[in-house]
Structures are given as C-alpha cells and as structure tokens.
Amino acid sequence: MQVTKTEWDERNGVEVRHIDDAGAIEHSAGEDLSYVIPFRKDGGLPVRCLYTPGDSQTLVVAFHGSLQRTKYQLPRFEWRKTLGELDAGRLFFADTTLELDGGMPLGWYIGTAAQDLADDVAAVIRQVAADGNYSRVLLAGSSGGGFAAMAVARRIPGSVAVSFSPQTRVGDYIPWVHKAFVKAAFPGHETIDDVEAQYAERVNLRRLYAEPEVPNYVRYVQNSNDTGHVTDHYAPFAASRFVDASTGGVDASGRIRLVLEAMQQGHQPPSRGRFLGHIRAAHEEFFGEPLGG
C-alpha cells in the first residue's frame with residue numbers, strides 16, 4: 001500500500017496520488033487529495049476519486065451525471081462546492097467508463113463487460129469508511145449520478161442513497177446515448193437489450209431492487225416537471241416497489257422513500273438548496289440523527 005506516482009491536477013486544484021489500493025488513502029491530510037487506483041492490472045478502468053477527510057461519523061459520497069464532453073474535461077468531481085457546507089467526510093468519484101470514448105456523455109459508472117465498476121467503487125467506499133472511522137455512509141447524485149448512487153449503495157449494507165431524477169433502466173434512456181455506451185463498454189453486444197439479457201442488475205435498477213427486502217436505504221426524489229423521467233423511469237420503479245407513483249411514500253420494506261416534487265422544467269440537476277435539503281432529510285430519517293454543517 002504505497003504511493004507510486006504524484007502529479008498536479010490544475011483544473012481541480014489538487015495533488016493526484018497514484019496508489020496501489022484504497023488502503024493508501026490518507027485520512028489525516030489537511031487538504032483535498034485526488035487518487036487513482038488501478039483495480040485491474042490488465043488494462044481495465046481505474047477508480048478516480050477526490051477525498052476530503054472529515055471529523056464526523058458520516059461520509060458523504062457524490063457521483064456526477066451526464067457530461068457535455070466539449071464543455072467538461074475528465075475527471076469530473078461534481079457537487080464539490082455544495083457538499084463543502086456539510087460537517088462530514090466527502091468523497092467524490094469520476095466515472096472512468098467515460099474514458100472509453102471521447103464523445104460518450106454518460107456511462108452510469110457501470111464499467112465494461114469484464115469489469116463491474118460499481119463493485120470497485122463500492123470497495124473503495126467501504127475501505128475509506130473503515131479506515132476513516134465513518135459509521136454512516138450516504139451516497140448522492142442526480143440523473144446518471146443518481147443511478148450510480150442507488151447502484152453502489154445496494155452494494156453497501158446500511159448505506160443511504162439520495163437520488164435525484166435518476167434513470168432506472170439504461171435501455172429507457174435516450175437511444176443514441178445508450179447506443180454509444182454499448183459500443184464503447186460492451187462491444188460484443190449489439191444493443192442495450194442484449195447487455196441487459198446478460199447483465200440485468202448492472203443496467204436496470206428495477207431488477208437490482210427487485211427483492212422485497214434490500215440491505216440499504218433510498219430517498220428517490222423525482223422532479224414532477226421532468227415528465228420524461230416521471231413516465232419512463234420513476235413510475236416503473238415506483239410500481240416495482242408497489243408505491244403509488246402519484247403520491248410517493250415509503251415502500252413495504254420501510255427502506256425506500258419516493259418523493260415527487262415540483263422543481264424546474266425538464267431534466268436538470270436540483271438546486272444546491274434542494275440537493276442539501278434532501279441529503280439532510282435522508283440522513284435524519286434513516287440514520288436517526290441530523291447532519292451538521
């Protein structure tokens with residue numbers, strides 16, 4: 001467990017440390033540090049994260065959504081300024097699935113046929129939580145980042161996902177986007193339906209959350225003015241959990257809350273205030289304590 005190389009990321013304003021595994025992440029640093037972890041020695045995707053240690057029992061983890069590749073460069077660590085208001089450790093992940101193709105806007109942190117990137121990200125989070133003495137883990141994101149928050153949280157028992165207007169099935173999203181994803185990440189498959197036939201739980205949250213009881217918690221916040229996602233993603237997920245999509249509420253397990261709330265028109269990220277407000281609400285509901293900051 002050691003640092004093998006360091007460099008400077010001018011755009012994000014952080015030192016980047018290349019490490020052998022997540023056990024080398026520093027928890028006493030007085031500054032933000034970025035890390036690159038090679039989970040696959042045979043040329044697979046690395047895990048890229050940025051970490052701010054916190055003197056708290058809570059670790060908040062953030063995932064970015066779709067990226068306009070002509071506007072944003074990789075790695076992208078979204079919600080960094082917003083989450084800086086919270087009294088918590090903060091861990092941000094960039095989706096290295098996007099490194100497979102320079103024009104692909106969304107990869108949902110899925111990885112490739114040979115590599116389940118969500119599994120690798122979950123492993124890093126568990127290591128950081130253990131080494132940093134965080135007893136509570138909360139994951140958050142919007143759109144594709146919301147998909148990732150729910151997918152990764154499902155792999156971390158006791159964690160909470162706060163997801164804003166996520167896709168719940170990749171195949172129900174914009175066709176050219178999932179076609180670009182399949183071509184780059186699953187080149188042995190013709191369509192997203194072919195991918196789902198073999199890897200259903202990786203590309204379909206309704207399948208991932210199909211069991212009546214789940215090991216984690218979810219606060220799923222859907223913008224009612226985002227009609228496309230209400231129809232194609234929110235309503236089918238609500239039906240799969242036997243929750244009335246028109247009113248929202250808590251499912252029979254008591255672990256998944258659906259919130260239908262009017263925000264801005266169309267499919268856009270929530271405001272900073274809403275993002276933090278729902279994170280605080282989920283933290284208090286599922287962990288039983290308010291989140292400071």
# chains A, B, ... in the order shown; residues from 1 in each chain; ligands from 1
>>> residues_around(residues="stretch 65-74 of chain A", least_positions_apart="2", cutoff="8 Å", atoms="only C-alpha atoms", output="PDB file with C-alpha atoms, in the first residue's frame")
ATOM      1  CA  PHE A  63     -21.391  10.984  -8.309  1.00  0.00           C
ATOM      2  CA  ARG A  76     -15.190  15.443 -13.160  1.00  0.00           C
ATOM      3  CA  ALA A  94     -15.369  10.396 -11.545  1.00  0.00           C
ATOM      4  CA  GLU A  99     -12.611   7.280 -20.677  1.00  0.00           C
ATOM      5  CA  GLY A 102     -14.334  10.868 -26.036  1.00  0.00           C
ATOM      6  CA  GLY A 103     -17.897  11.600 -27.130  1.00  0.00           C
ATOM      7  CA  MET A 104     -19.875   9.424 -24.743  1.00  0.00           C
ATOM      8  CA  PRO A 105     -21.784  11.659 -22.279  1.00  0.00           C
ATOM      9  CA  LEU A 106     -22.920   9.046 -19.780  1.00  0.00           C
ATOM     10  CA  TRP A 108     -23.608   5.329 -15.264  1.00  0.00           C
ATOM     11  CA  GLY A 141     -26.204  12.124  -7.289  1.00  0.00           C
ATOM     12  CA  SER A 142     -28.549  13.400  -9.972  1.00  0.00           C
ATOM     13  CA  SER A 143     -29.635  11.734 -13.221  1.00  0.00           C
ATOM     14  CA  GLY A 144     -26.875   9.279 -14.182  1.00  0.00           C
ATOM     15  CA  GLY A 145     -25.191  10.101 -10.885  1.00  0.00           C
ATOM     16  CA  GLY A 146     -28.421   9.185  -9.138  1.00  0.00           C
TER      17      GLY A 146
END
>>> select_by_dssp(residues="stretch 6-253 of chain A", states="strand (DSSP E or B)", output="MDAnalysis selection string")
chainID A and resid 6:9 14:19 33:37 47:52 58:63 89:94 111:112 115:116 136:142 160:164 169 204 217:223 249:250
>>> residues_around(residues="A:Ala185", least_positions_apart="2", cutoff="12 Å", atoms="only C-alpha atoms", output="PyMOL selection string")
chain A and resi 44-45+96-101+104+106-117+178-183+187-192+195
>>> write_last_selection(atoms="C-alpha atoms", output="mmCIF file, in the first residue's frame")
data_model
loop_
_atom_site.group_PDB
_atom_site.id
_atom_site.type_symbol
_atom_site.label_atom_id
_atom_site.label_comp_id
_atom_site.auth_asym_id
_atom_site.auth_seq_id
_atom_site.Cartn_x
_atom_site.Cartn_y
_atom_site.Cartn_z
ATOM 1 C CA GLY A 44 -9.040 -2.212 -17.040
ATOM 2 C CA LEU A 45 -10.560 1.031 -15.839
ATOM 3 C CA THR A 96 -13.950 6.270 -15.712
ATOM 4 C CA THR A 97 -16.364 4.464 -18.036
ATOM 5 C CA LEU A 98 -16.320 7.744 -19.975
ATOM 6 C CA GLU A 99 -12.611 7.280 -20.677
ATOM 7 C CA LEU A 100 -13.546 4.590 -23.187
ATOM 8 C CA ASP A 101 -14.887 7.126 -25.696
ATOM 9 C CA MET A 104 -19.875 9.424 -24.743
ATOM 10 C CA LEU A 106 -22.920 9.046 -19.780
ATOM 11 C CA GLY A 107 -21.624 5.711 -18.511
ATOM 12 C CA TRP A 108 -23.608 5.329 -15.264
ATOM 13 C CA TYR A 109 -20.407 4.081 -13.502
ATOM 14 C CA ILE A 110 -21.184 0.667 -14.989
ATOM 15 C CA GLY A 111 -17.763 -0.186 -16.420
ATOM 16 C CA THR A 112 -17.362 -2.877 -19.036
ATOM 17 C CA ALA A 113 -18.315 -6.473 -19.706
ATOM 18 C CA ALA A 114 -15.093 -7.525 -17.990
ATOM 19 C CA GLN A 115 -15.269 -5.066 -15.081
ATOM 20 C CA ASP A 116 -18.136 -4.116 -12.793
ATOM 21 C CA LEU A 117 -17.026 -0.581 -11.933
ATOM 22 C CA HIS A 178 -27.116 4.058 -24.629
ATOM 23 C CA LYS A 179 -26.014 3.011 -28.121
ATOM 24 C CA ALA A 180 -22.735 4.917 -27.643
ATOM 25 C CA PHE A 181 -22.353 3.298 -24.220
ATOM 26 C CA VAL A 182 -22.868 -0.221 -25.576
ATOM 27 C CA LYS A 183 -20.433 0.351 -28.445
ATOM 28 C CA PRO A 187 -18.564 -4.088 -27.883
ATOM 29 C CA GLY A 188 -19.502 -7.762 -28.033
ATOM 30 C CA HIS A 189 -23.190 -6.834 -27.777
ATOM 31 C CA GLU A 190 -25.400 -5.274 -30.422
ATOM 32 C CA THR A 191 -27.921 -3.435 -28.241
ATOM 33 C CA ILE A 192 -28.618 -2.437 -24.655
ATOM 34 C CA VAL A 195 -26.471 -6.275 -22.492
#
>>> select_by_dssp(residues="stretch 54-206 of chain A", states="helix (DSSP H, G or I)", output="PyMOL selection string")
chain A and resi 80-83+96-100+117-131+144-153+170-172+175-185+192-198+200-203+205-206
>>> atom_distance(atom1="atom CA of A:Asp232", atom2="atom CA of A:Arg169")
8.5 Å
>>> residues_around(residues="A:Ala151", least_positions_apart="4", cutoff="8 Å", atoms="only C-alpha atoms", output="list in words")
Ala118, Phe147, Arg155, Arg202, Leu205 and Leu208 of chain A
>>> atom_distance(atom1="atom CA of A:His27", atom2="atom CA of A:Ala88")
12.7 Å
>>> residues_around(residues="stretch 122-137 of chain A", least_positions_apart="3", cutoff="6 Å", atoms="only C-alpha atoms", output="PyMOL selection string")
chain A and resi 22+57-59+119+152+159
>>> residues_around(residues="A:Ile19", least_positions_apart="4", cutoff="6 Å", atoms="only C-alpha atoms", output="PDB file with N, CA and C atoms, in the first residue's frame")
ATOM      1  N   GLN A   2       1.125   1.792  -1.177  1.00  0.00           N
ATOM      2  CA  GLN A   2       2.012   2.935  -1.245  1.00  0.00           C
ATOM      3  C   GLN A   2       1.647   3.814  -2.425  1.00  0.00           C
ATOM      4  N   VAL A   3       2.173   5.049  -2.385  1.00  0.00           N
ATOM      5  CA  VAL A   3       2.003   5.980  -3.485  1.00  0.00           C
ATOM      6  C   VAL A   3       3.068   5.674  -4.528  1.00  0.00           C
ATOM      7  N   THR A   4       2.646   5.429  -5.745  1.00  0.00           N
ATOM      8  CA  THR A   4       3.596   5.066  -6.797  1.00  0.00           C
ATOM      9  C   THR A   4       3.981   6.254  -7.675  1.00  0.00           C
ATOM     10  N   ILE A  37      -6.642   4.600  -8.544  1.00  0.00           N
ATOM     11  CA  ILE A  37      -6.437   3.238  -8.051  1.00  0.00           C
ATOM     12  C   ILE A  37      -6.632   2.264  -9.206  1.00  0.00           C
TER      13      ILE A  37
END
>>> residues_around(residues="A:Gly171", least_positions_apart="3", cutoff="9 Å", atoms="only C-alpha atoms", output="NGL selection string")
:A and (168 or 174-175 or 178 or 191-193 or 196 or 203-204)
>>> write_last_selection(atoms="N, CA and C atoms", output="compact mmCIF listing (two decimals), in the first residue's frame")
# COMPACT_ATOMS: atom_id res chain seq x y z
N THR A 168 -33.69 4.71 -14.25
CA THR A 168 -33.76 3.45 -13.52
C THR A 168 -33.56 2.26 -14.44
N ILE A 174 -32.21 7.98 -23.60
CA ILE A 174 -32.06 8.45 -24.97
C ILE A 174 -31.30 7.41 -25.80
N PRO A 175 -31.88 6.96 -26.91
CA PRO A 175 -31.27 5.85 -27.67
C PRO A 175 -29.82 6.07 -28.08
N HIS A 178 -27.41 5.44 -25.02
CA HIS A 178 -27.12 4.06 -24.63
C HIS A 178 -26.49 3.26 -25.77
N THR A 191 -27.00 -4.42 -28.79
CA THR A 191 -27.92 -3.43 -28.24
C THR A 191 -27.89 -3.47 -26.71
N ILE A 192 -28.52 -2.46 -26.11
CA ILE A 192 -28.62 -2.44 -24.65
C ILE A 192 -29.50 -3.58 -24.15
N ASP A 193 -30.46 -4.01 -24.96
CA ASP A 193 -31.27 -5.16 -24.56
C ASP A 193 -30.43 -6.42 -24.50
N GLU A 196 -28.57 -6.16 -21.27
CA GLU A 196 -29.44 -6.42 -20.13
C GLU A 196 -29.76 -7.91 -20.01
N VAL A 203 -27.58 -2.79 -15.34
CA VAL A 203 -28.11 -1.73 -16.20
C VAL A 203 -29.58 -1.43 -15.93
N ASN A 204 -30.17 -2.09 -14.94
CA ASN A 204 -31.59 -1.91 -14.65
C ASN A 204 -31.79 -1.91 -13.14
>>> closest_atom_pairs(of="stretch 5-96 of chain A", to="stretch 263-283 of chain A", cutoff="12 Å", atoms="only C-alpha atoms", output="CSV")
residue,atom,partner,partner_atom,distance
A:Gln57,CA,A:His283,CA,11.7
A:Thr58,CA,A:His283,CA,9.1
A:Leu59,CA,A:His283,CA,10.9
A:Val60,CA,A:Ile279,CA,9.1
A:Val61,CA,A:Ile279,CA,10.9
A:Ala62,CA,A:Ile279,CA,11.1
A:His64,CA,A:Pro269,CA,10.1
A:Gly65,CA,A:Pro269,CA,8.6
A:Ser66,CA,A:Pro269,CA,10.2
A:Glu78,CA,A:Pro269,CA,10.9
A:Trp79,CA,A:Arg272,CA,8.4
A:Arg80,CA,A:Arg272,CA,10.9
A:Lys81,CA,A:Arg272,CA,9.5
A:Thr82,CA,A:Arg272,CA,6.2
A:Leu83,CA,A:Leu276,CA,7.4
A:Gly84,CA,A:Leu276,CA,10.3
A:Glu85,CA,A:Leu276,CA,8.7
A:Leu86,CA,A:Leu276,CA,8.3
A:Asp87,CA,A:Arg280,CA,10.9
A:Ala88,CA,A:Arg280,CA,11.4
>>> closest_residue(among="A:Val259, A:Arg206, A:Phe164, A:Tyr220", to="A:Arg241", atoms="only C-alpha atoms")
A:Arg206
>>> decode(residues="stretch 138-207 of chain A", atoms="C-alpha atoms", output="mmCIF file, in the first residue's frame")
data_model
loop_
_atom_site.group_PDB
_atom_site.id
_atom_site.type_symbol
_atom_site.label_atom_id
_atom_site.label_comp_id
_atom_site.auth_asym_id
_atom_site.auth_seq_id
_atom_site.Cartn_x
_atom_site.Cartn_y
_atom_site.Cartn_z
ATOM 1 C CA LEU A 138 -24.587 8.455 2.348
ATOM 2 C CA LEU A 139 -24.315 8.451 -1.455
ATOM 3 C CA ALA A 140 -25.860 11.143 -3.663
ATOM 4 C CA GLY A 141 -26.204 12.124 -7.289
ATOM 5 C CA SER A 142 -28.549 13.400 -9.972
ATOM 6 C CA SER A 143 -29.635 11.734 -13.221
ATOM 7 C CA GLY A 144 -26.875 9.279 -14.182
ATOM 8 C CA GLY A 145 -25.191 10.101 -10.885
ATOM 9 C CA GLY A 146 -28.421 9.185 -9.138
ATOM 10 C CA PHE A 147 -28.404 5.841 -10.928
ATOM 11 C CA ALA A 148 -24.849 5.302 -9.661
ATOM 12 C CA ALA A 149 -25.753 6.307 -6.093
ATOM 13 C CA MET A 150 -28.513 3.698 -5.987
ATOM 14 C CA ALA A 151 -26.444 1.028 -7.736
ATOM 15 C CA VAL A 152 -23.409 1.445 -5.475
ATOM 16 C CA ALA A 153 -25.455 1.841 -2.266
ATOM 17 C CA ARG A 154 -27.100 -1.517 -2.984
ATOM 18 C CA ARG A 155 -23.609 -2.995 -2.577
ATOM 19 C CA ILE A 156 -23.012 -1.316 0.820
ATOM 20 C CA PRO A 157 -25.358 -2.640 3.520
ATOM 21 C CA GLY A 158 -26.714 0.062 5.807
ATOM 22 C CA SER A 159 -25.833 2.918 3.463
ATOM 23 C CA VAL A 160 -28.258 5.572 2.194
ATOM 24 C CA ALA A 161 -28.681 6.668 -1.426
ATOM 25 C CA VAL A 162 -30.180 10.085 -2.198
ATOM 26 C CA SER A 163 -31.038 10.053 -5.880
ATOM 27 C CA PHE A 164 -32.482 12.930 -7.914
ATOM 28 C CA SER A 165 -34.475 12.117 -11.068
ATOM 29 C CA PRO A 166 -32.290 9.124 -11.956
ATOM 30 C CA GLN A 167 -32.591 6.799 -14.864
ATOM 31 C CA THR A 168 -33.761 3.448 -13.520
ATOM 32 C CA ARG A 169 -33.174 1.463 -16.704
ATOM 33 C CA VAL A 170 -30.435 2.385 -19.164
ATOM 34 C CA GLY A 171 -32.466 0.985 -22.058
ATOM 35 C CA ASP A 172 -35.245 3.515 -21.412
ATOM 36 C CA TYR A 173 -32.939 6.500 -21.801
ATOM 37 C CA ILE A 174 -32.060 8.454 -24.971
ATOM 38 C CA PRO A 175 -31.269 5.853 -27.667
ATOM 39 C CA TRP A 176 -28.113 7.426 -29.085
ATOM 40 C CA VAL A 177 -26.650 7.699 -25.560
ATOM 41 C CA HIS A 178 -27.116 4.058 -24.629
ATOM 42 C CA LYS A 179 -26.014 3.011 -28.121
ATOM 43 C CA ALA A 180 -22.735 4.917 -27.643
ATOM 44 C CA PHE A 181 -22.353 3.298 -24.220
ATOM 45 C CA VAL A 182 -22.868 -0.221 -25.576
ATOM 46 C CA LYS A 183 -20.433 0.351 -28.445
ATOM 47 C CA ALA A 184 -17.706 1.592 -26.091
ATOM 48 C CA ALA A 185 -18.214 -0.569 -22.994
ATOM 49 C CA PHE A 186 -19.850 -3.767 -24.299
ATOM 50 C CA PRO A 187 -18.564 -4.088 -27.883
ATOM 51 C CA GLY A 188 -19.502 -7.762 -28.033
ATOM 52 C CA HIS A 189 -23.190 -6.834 -27.777
ATOM 53 C CA GLU A 190 -25.400 -5.274 -30.422
ATOM 54 C CA THR A 191 -27.921 -3.435 -28.241
ATOM 55 C CA ILE A 192 -28.618 -2.437 -24.655
ATOM 56 C CA ASP A 193 -31.274 -5.159 -24.563
ATOM 57 C CA ASP A 194 -28.537 -7.687 -25.368
ATOM 58 C CA VAL A 195 -26.471 -6.275 -22.492
ATOM 59 C CA GLU A 196 -29.440 -6.422 -20.132
ATOM 60 C CA ALA A 197 -30.133 -10.032 -21.054
ATOM 61 C CA GLN A 198 -26.717 -10.940 -19.615
ATOM 62 C CA TYR A 199 -26.128 -8.190 -17.025
ATOM 63 C CA ALA A 200 -29.636 -7.198 -15.917
ATOM 64 C CA GLU A 201 -28.796 -5.916 -12.445
ATOM 65 C CA ARG A 202 -25.984 -3.722 -13.740
ATOM 66 C CA VAL A 203 -28.110 -1.733 -16.201
ATOM 67 C CA ASN A 204 -31.591 -1.914 -14.655
ATOM 68 C CA LEU A 205 -32.222 -0.629 -11.121
ATOM 69 C CA ARG A 206 -35.679 -2.192 -11.108
ATOM 70 C CA ARG A 207 -34.018 -5.568 -11.403
#
